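*Asks:* Provided herewith: data_38.txt, compact mmCIF, C-alpha atoms.
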```txt
# COMPACT_ATOMS: atom_id res chain seq x y z
CA MET A 1 37.60 13.52 -95.36
CA LYS A 2 34.53 15.73 -95.76
CA GLY A 3 35.10 15.97 -99.51
CA ILE A 4 35.46 12.20 -99.83
CA ARG A 5 32.26 11.63 -97.90
CA ALA A 6 30.33 14.28 -99.80
CA TRP A 7 31.30 12.79 -103.17
CA LEU A 8 30.52 9.29 -101.93
CA VAL A 9 27.08 10.37 -100.71
CA PHE A 10 26.44 12.03 -104.09
CA PHE A 11 27.45 8.86 -105.93
CA VAL A 12 25.39 6.59 -103.66
CA VAL A 13 22.31 8.80 -104.01
CA CYS A 14 22.65 8.63 -107.81
CA LEU A 15 23.16 4.86 -107.67
CA VAL A 16 20.11 4.38 -105.44
CA LEU A 17 17.93 6.61 -107.62
CA SER A 18 19.12 4.80 -110.73
CA GLY A 19 18.24 1.48 -109.14
CA ALA A 20 14.94 2.58 -107.63
CA THR A 21 13.70 3.74 -111.03
CA ALA A 22 14.01 0.18 -112.33
CA PHE A 23 11.13 -0.99 -110.12
CA PRO A 24 8.22 1.03 -111.62
CA LEU A 25 9.30 0.82 -115.29
CA VAL A 26 5.82 0.31 -116.74
CA HIS A 27 4.41 3.37 -115.00
CA GLU A 28 7.53 5.44 -115.63
CA LEU A 29 7.36 4.83 -119.37
CA ARG A 30 3.70 5.85 -119.45
CA TRP A 31 4.51 9.04 -117.53
CA THR A 32 7.53 9.69 -119.74
CA GLU A 33 5.49 9.28 -122.91
CA ASP A 34 2.79 11.63 -121.60
CA LEU A 35 5.40 14.21 -120.58
CA LEU A 36 7.22 14.04 -123.92
CA ARG A 37 3.95 14.52 -125.78
CA ALA A 38 3.12 17.52 -123.58
CA LEU A 39 6.54 18.99 -124.41
CA SER A 40 6.00 18.50 -128.17
CA VAL A 41 8.93 16.10 -128.41
CA PRO A 42 7.29 14.05 -131.21
CA GLU A 43 7.54 17.06 -133.52
CA HIS A 44 11.17 17.78 -132.70
CA LEU A 45 12.64 14.33 -132.06
CA PRO A 46 10.37 11.80 -133.76
CA ALA A 47 12.91 8.96 -133.60
CA ALA A 48 13.29 9.40 -129.84
CA MET A 49 9.52 9.47 -129.41
CA ASP A 50 9.08 6.39 -131.59
CA TRP A 51 11.61 4.55 -129.45
CA ILE A 52 9.90 5.55 -126.18
CA VAL A 53 6.54 4.42 -127.58
CA ARG A 54 8.03 1.11 -128.72
CA VAL A 55 9.63 0.46 -125.36
CA ARG A 56 6.43 1.42 -123.51
CA GLN A 57 4.39 -0.91 -125.72
CA GLY A 58 6.86 -3.71 -125.10
CA LEU A 59 6.73 -3.18 -121.36
CA ASP A 60 2.93 -3.03 -121.42
CA ALA A 61 2.82 -6.31 -123.33
CA ALA A 62 5.33 -7.96 -121.01
CA ASP A 63 3.46 -6.68 -117.96
CA ALA A 64 0.12 -7.95 -119.29
CA ASP A 65 1.24 -11.29 -120.74
CA HIS A 66 4.56 -12.15 -119.12
CA PRO A 67 5.00 -10.12 -115.91
CA PHE A 68 7.72 -12.50 -114.73
CA LEU A 69 10.04 -10.89 -117.30
CA LEU A 70 9.94 -7.67 -115.30
CA TYR A 71 11.30 -9.60 -112.33
CA GLY A 72 14.67 -9.24 -114.05
CA THR A 73 14.49 -5.47 -113.69
CA ASP A 74 13.58 -5.91 -110.02
CA TRP A 75 16.87 -7.76 -109.60
CA LEU A 76 18.63 -5.00 -111.53
CA ALA A 77 17.22 -2.47 -109.09
CA PHE A 78 18.20 -4.64 -106.13
CA ALA A 79 21.75 -4.93 -107.46
CA HIS A 80 22.04 -1.14 -107.56
CA LEU A 81 20.89 -0.93 -103.94
CA VAL A 82 23.30 -3.65 -102.81
CA ILE A 83 26.21 -2.01 -104.61
CA ALA A 84 25.30 1.29 -102.93
CA VAL A 85 25.64 -0.40 -99.52
CA ALA A 86 29.22 -1.39 -100.39
CA PHE A 87 30.16 2.30 -100.33
CA TYR A 88 29.65 2.36 -96.58
CA GLY A 89 33.16 0.86 -96.38
CA PRO A 90 34.94 3.78 -98.09
CA TYR A 91 32.68 6.22 -96.26
CA ARG A 92 33.91 4.84 -92.92
CA ASP A 93 37.51 4.09 -93.81
CA PRO A 94 38.41 5.38 -97.28
CA VAL A 95 42.06 4.37 -97.35
CA ARG A 96 41.41 0.77 -96.34
CA ASN A 97 38.40 0.47 -98.67
CA ILE A 98 39.69 2.30 -101.75
CA TRP A 99 39.22 -0.99 -103.60
CA VAL A 100 35.44 -0.41 -103.58
CA VAL A 101 35.93 2.87 -105.43
CA GLU A 102 38.36 1.27 -107.89
CA PHE A 103 35.97 -1.65 -108.44
CA ALA A 104 33.19 0.83 -109.22
CA MET A 105 35.47 2.66 -111.66
CA ILE A 106 36.10 -0.63 -113.47
CA ALA A 107 32.35 -1.28 -113.54
CA CYS A 108 31.78 2.18 -115.06
CA ALA A 109 34.34 1.39 -117.75
CA GLY A 110 32.59 -1.91 -118.41
CA ILE A 111 29.36 -0.13 -119.30
CA VAL A 112 30.86 1.05 -122.60
CA PRO A 113 31.68 -2.35 -124.14
CA LEU A 114 28.47 -3.81 -122.74
CA ALA A 115 26.38 -1.15 -124.48
CA LEU A 116 28.40 -1.42 -127.71
CA ILE A 117 28.10 -5.21 -127.83
CA CYS A 118 24.67 -5.93 -126.36
CA GLY A 119 22.91 -2.84 -127.74
CA PRO A 120 23.07 -3.99 -131.38
CA ILE A 121 22.31 -7.59 -130.42
CA ARG A 122 19.12 -6.44 -128.64
CA GLY A 123 18.11 -3.97 -131.34
CA ILE A 124 18.81 -0.88 -129.25
CA PRO A 125 19.31 2.30 -131.31
CA PHE A 126 22.91 3.51 -131.20
CA TRP A 127 21.91 6.90 -129.80
CA TRP A 128 20.25 5.11 -126.86
CA SER A 129 23.42 3.09 -126.29
CA VAL A 130 25.29 6.40 -126.11
CA ILE A 131 22.91 7.50 -123.36
CA ASP A 132 23.57 4.24 -121.53
CA MET A 133 27.32 4.66 -121.95
CA SER A 134 27.07 8.15 -120.48
CA PHE A 135 26.17 6.59 -117.12
CA GLY A 136 29.60 5.00 -117.04
CA VAL A 137 31.36 8.11 -118.30
CA PHE A 138 29.62 10.46 -115.86
CA GLY A 139 29.68 7.89 -113.05
CA VAL A 140 33.44 7.57 -113.13
CA VAL A 141 33.92 11.33 -112.56
CA PRO A 142 32.93 11.44 -108.87
CA LEU A 143 34.69 8.12 -108.33
CA TYR A 144 37.89 9.50 -109.84
CA VAL A 145 37.65 12.58 -107.60
CA VAL A 146 37.11 10.35 -104.56
CA ARG A 147 40.06 8.14 -105.49
CA GLN A 148 42.33 11.16 -105.87
CA LYS A 149 41.20 12.50 -102.49
CA ILE A 150 41.74 9.09 -100.85
CA LYS A 151 45.25 8.89 -102.31
CA ARG A 152 45.97 12.37 -100.94
CA LEU A 153 44.60 11.33 -97.54
CA GLU A 154 46.74 8.20 -97.62
CA ARG A 155 49.89 10.28 -98.23
CA LEU A 156 49.15 12.25 -95.05
CA GLY A 157 49.85 9.09 -93.06
CA PRO A 158 47.83 6.60 -91.07
CA ASN A 159 47.57 8.72 -87.94
CA THR A 160 45.90 11.51 -89.87
CA TRP A 161 43.31 9.48 -91.74
CA ALA A 162 42.59 7.10 -88.88
CA VAL A 163 41.63 10.06 -86.69
CA ALA A 164 39.63 11.62 -89.53
CA ALA A 165 37.76 8.35 -90.12
CA ALA A 166 36.73 8.08 -86.47
```
For the structure just supplied, provide its representation as structure tokens.

*Replies:*
Amino acid sequence: MKGIRAWLVFFVVCLVLSGATAFPLVHELRWTEDLLRALSVPEHLPAAMDWIVRVRQGLDAADADHPFLLYGTDWLAFAHLVIAVAFYGPYRDPVRNIWVVEFAMIACAGIVPLALICGPIRGIPFWWSVIDMSFGVFGVVPLYVVRQKIKRLERLGPNTWAVAAA
């Protein structure tokens, strides 16, 4: 039970941090650009730097001329936070709420086709889509571990896990 809860807390913290970073996008991109310049990234990875600059310029323009567009990323952030709350169920009663973990695993798998389809449509460089897909690939790892541990807990019988959940 401790292992299940520890992995769930790790996953929820990552989910919350991922969501929370969608709120201050304009400032984050400015900070990121400054940091990358300080680390001499433009000399080593010019395509990556060009992309960061382009995205930052786009966000600056949207923020200045059409700030309502950034409201969409506020909802993205909110969705991450709401999804994180759903993991309270498996934290309390993992066997009964294993479906939350399995749902999240399906969502992680869905990131790959989304990035492969929508990335090119939106003009996202392929290497950036790979970074996006990595969230699904890396996100499914703790979920898979949790699912395996829940299945093991389930095999111990209801008396064992019901006491452990209390």

*Asks:* Could you tell me which of A:Leu25, A:Val146, A:Val137, A:Met49 comes closest to Gly72 in chain A if we count only C-alpha atoms?

*Replies:*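 Closest to Gly72 in chain A of all the choices is A:Leu25.
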
*Asks:* Identify which of the residues A:Ala86, A:Met133, A:Ala6, A:Ile117 lies closest to Val101 in chain A, counting all atoms listed in the file when measuring atom-to-atom distances.

*Replies:*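 Smallest separation from Val101 in chain A among the options: A:Ala86.
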
*Asks:* When you draw a straight line from CA of Val16 in chain A to CA of Phe87 in chain A, how long is it in Å?

*Replies:*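 Here the two named atoms are 11.5 Å from each other.
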
*Asks:* Mind pulling up the distance from CA of Gly19 in chain A to CA of His80 in chain A?

*Replies:*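 Spanning CA of His80 in chain A to CA of Gly19 in chain A is a straight-line distance of 4.9 Å.
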
*Asks:* Just give me the gap between CA of Ile52 in chain A and CA of Val13 in chain A in Å, one decimal is fine.

*Replies:*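 Distance reported for this atom pair: 25.6 Å.
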
*Asks:* Per residue of range 63-139 of chain A within 12 Å of range 151-156 of chain A, what are the shortest atom pair and its distance in Å to one decimal, counting all atoms listed in the file, with rows by chain and residue number, as a Markdown table?

*Replies:*
```
| residue | atom | partner | partner_atom | distance |
| --- | --- | --- | --- | --- |
| A:Asp93 | CA | A:Leu153 | CA | 10.8 |
| A:Pro94 | CA | A:Leu153 | CA | 8.6 |
| A:Val95 | CA | A:Glu154 | CA | 6.1 |
| A:Arg96 | CA | A:Glu154 | CA | 9.2 |
| A:Asn97 | CA | A:Glu154 | CA | 11.4 |
| A:Ile98 | CA | A:Lys151 | CA | 8.6 |
| A:Trp99 | CA | A:Lys151 | CA | 11.6 |
| A:Val101 | CA | A:Lys151 | CA | 11.5 |
| A:Glu102 | CA | A:Lys151 | CA | 11.7 |
```

*Asks:* Show me the residues close to (25.9, 2.9, -120.1) - anything with an atom within 9 Å, counting only C-alpha atoms - and format the list as a PDB file with C-alpha atoms, in the frame of the given file.

*Replies:*
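out21.pdb was written with the following content:
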```pdb
ATOM      1  CA  CYS A 108      31.780   2.180-115.060  1.00  0.00           C
ATOM      2  CA  ALA A 109      34.340   1.390-117.750  1.00  0.00           C
ATOM      3  CA  GLY A 110      32.590  -1.910-118.410  1.00  0.00           C
ATOM      4  CA  ILE A 111      29.360  -0.130-119.300  1.00  0.00           C
ATOM      5  CA  VAL A 112      30.860   1.050-122.600  1.00  0.00           C
ATOM      6  CA  PRO A 113      31.680  -2.350-124.140  1.00  0.00           C
ATOM      7  CA  LEU A 114      28.470  -3.810-122.740  1.00  0.00           C
ATOM      8  CA  ALA A 115      26.380  -1.150-124.480  1.00  0.00           C
ATOM      9  CA  SER A 129      23.420   3.090-126.290  1.00  0.00           C
ATOM     10  CA  VAL A 130      25.290   6.400-126.110  1.00  0.00           C
ATOM     11  CA  ILE A 131      22.910   7.500-123.360  1.00  0.00           C
ATOM     12  CA  ASP A 132      23.570   4.240-121.530  1.00  0.00           C
ATOM     13  CA  MET A 133      27.320   4.660-121.950  1.00  0.00           C
ATOM     14  CA  SER A 134      27.070   8.150-120.480  1.00  0.00           C
ATOM     15  CA  PHE A 135      26.170   6.590-117.120  1.00  0.00           C
ATOM     16  CA  GLY A 136      29.600   5.000-117.040  1.00  0.00           C
ATOM     17  CA  VAL A 137      31.360   8.110-118.300  1.00  0.00           C
TER      18      VAL A 137
END
```

*Asks:* Using all atoms listed in the file, which residue out of A:Leu29, A:Tyr91, A:Gly119, A:Leu143 lies closest to Ala107 in chain A?

*Replies:*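 The closest residue to Ala107 in chain A is A:Leu143.
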
*Asks:* Check the smallest atom-to-atom distance from each of A:Phe138, A:Lys149, A:Pro24, A:Gly123 to Tyr71 in chain A using all atoms listed in the file, then report the winner.

*Replies:*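 Smallest separation from Tyr71 in chain A among the options: A:Pro24.
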
*Asks:* Would you mind writing range 80-105 of chain A with N, CA, C and O atoms, as a compact mmCIF listing (two decimals), in the coordinates of the input?

*Replies:*
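Produced file part.txt, reproduced below:
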```
# COMPACT_ATOMS: atom_id res chain seq x y z
N HIS A 80 21.61 -2.52 -107.79
CA HIS A 80 22.04 -1.14 -107.56
C HIS A 80 22.04 -0.80 -106.06
O HIS A 80 22.96 -0.16 -105.56
N LEU A 81 21.01 -1.23 -105.37
CA LEU A 81 20.89 -0.93 -103.94
C LEU A 81 21.98 -1.65 -103.14
O LEU A 81 22.57 -1.07 -102.23
N VAL A 82 22.26 -2.90 -103.50
CA VAL A 82 23.30 -3.65 -102.81
C VAL A 82 24.68 -3.03 -103.07
O VAL A 82 25.49 -2.89 -102.14
N ILE A 83 24.93 -2.65 -104.29
CA ILE A 83 26.21 -2.01 -104.61
C ILE A 83 26.35 -0.70 -103.82
O ILE A 83 27.44 -0.38 -103.32
N ALA A 84 25.26 0.03 -103.69
CA ALA A 84 25.30 1.29 -102.93
C ALA A 84 25.73 1.03 -101.48
O ALA A 84 26.49 1.82 -100.91
N VAL A 85 25.26 -0.07 -100.90
CA VAL A 85 25.64 -0.40 -99.52
C VAL A 85 27.15 -0.61 -99.39
O VAL A 85 27.74 -0.27 -98.36
N ALA A 86 27.77 -1.13 -100.43
CA ALA A 86 29.22 -1.39 -100.39
C ALA A 86 30.01 -0.11 -100.15
O ALA A 86 31.14 -0.16 -99.63
N PHE A 87 29.44 1.04 -100.49
CA PHE A 87 30.16 2.30 -100.33
C PHE A 87 30.20 2.79 -98.89
O PHE A 87 30.85 3.79 -98.58
N TYR A 88 29.53 2.05 -98.00
CA TYR A 88 29.65 2.36 -96.58
C TYR A 88 31.10 2.14 -96.12
O TYR A 88 31.60 2.87 -95.27
N GLY A 89 31.76 1.14 -96.72
CA GLY A 89 33.16 0.86 -96.38
C GLY A 89 34.06 2.06 -96.63
O GLY A 89 34.73 2.54 -95.71
N PRO A 90 34.10 2.60 -97.87
CA PRO A 90 34.94 3.78 -98.09
C PRO A 90 34.47 5.01 -97.34
O PRO A 90 35.26 5.89 -97.02
N TYR A 91 33.18 5.08 -97.03
CA TYR A 91 32.68 6.22 -96.26
C TYR A 91 33.30 6.18 -94.85
O TYR A 91 33.71 7.20 -94.33
N ARG A 92 33.35 5.00 -94.26
CA ARG A 92 33.91 4.84 -92.92
C ARG A 92 35.42 4.92 -92.90
O ARG A 92 36.01 5.60 -92.06
N ASP A 93 36.05 4.19 -93.81
CA ASP A 93 37.51 4.09 -93.81
C ASP A 93 37.98 4.10 -95.27
O ASP A 93 38.19 3.05 -95.87
N PRO A 94 38.12 5.29 -95.85
CA PRO A 94 38.41 5.38 -97.28
C PRO A 94 39.72 4.75 -97.71
O PRO A 94 39.77 4.12 -98.76
N VAL A 95 40.76 4.89 -96.93
CA VAL A 95 42.06 4.37 -97.35
C VAL A 95 42.02 2.84 -97.40
O VAL A 95 42.46 2.23 -98.38
N ARG A 96 41.49 2.23 -96.39
CA ARG A 96 41.41 0.77 -96.34
C ARG A 96 40.47 0.23 -97.42
O ARG A 96 40.69 -0.86 -97.94
N ASN A 97 39.43 0.96 -97.76
CA ASN A 97 38.40 0.47 -98.67
C ASN A 97 38.42 1.16 -100.04
O ASN A 97 37.41 1.18 -100.73
N ILE A 98 39.57 1.67 -100.43
CA ILE A 98 39.69 2.30 -101.75
C ILE A 98 39.34 1.32 -102.86
O ILE A 98 38.90 1.71 -103.94
N TRP A 99 39.51 0.03 -102.60
CA TRP A 99 39.22 -0.99 -103.60
C TRP A 99 37.76 -0.93 -104.07
O TRP A 99 37.48 -1.24 -105.22
N VAL A 100 36.85 -0.52 -103.19
CA VAL A 100 35.44 -0.41 -103.58
C VAL A 100 35.29 0.67 -104.66
O VAL A 100 34.59 0.48 -105.66
N VAL A 101 35.97 1.77 -104.47
CA VAL A 101 35.93 2.87 -105.43
C VAL A 101 36.56 2.43 -106.75
O VAL A 101 36.00 2.67 -107.83
N GLU A 102 37.69 1.75 -106.67
CA GLU A 102 38.36 1.27 -107.89
C GLU A 102 37.52 0.21 -108.61
O GLU A 102 37.44 0.20 -109.84
N PHE A 103 36.88 -0.66 -107.86
CA PHE A 103 35.97 -1.65 -108.44
C PHE A 103 34.84 -0.95 -109.19
O PHE A 103 34.50 -1.33 -110.32
N ALA A 104 34.27 0.09 -108.58
CA ALA A 104 33.19 0.83 -109.22
C ALA A 104 33.69 1.54 -110.48
O ALA A 104 32.93 1.65 -111.47
N MET A 105 34.91 2.02 -110.47
CA MET A 105 35.47 2.66 -111.66
C MET A 105 35.59 1.65 -112.80
O MET A 105 35.29 1.96 -113.96
```
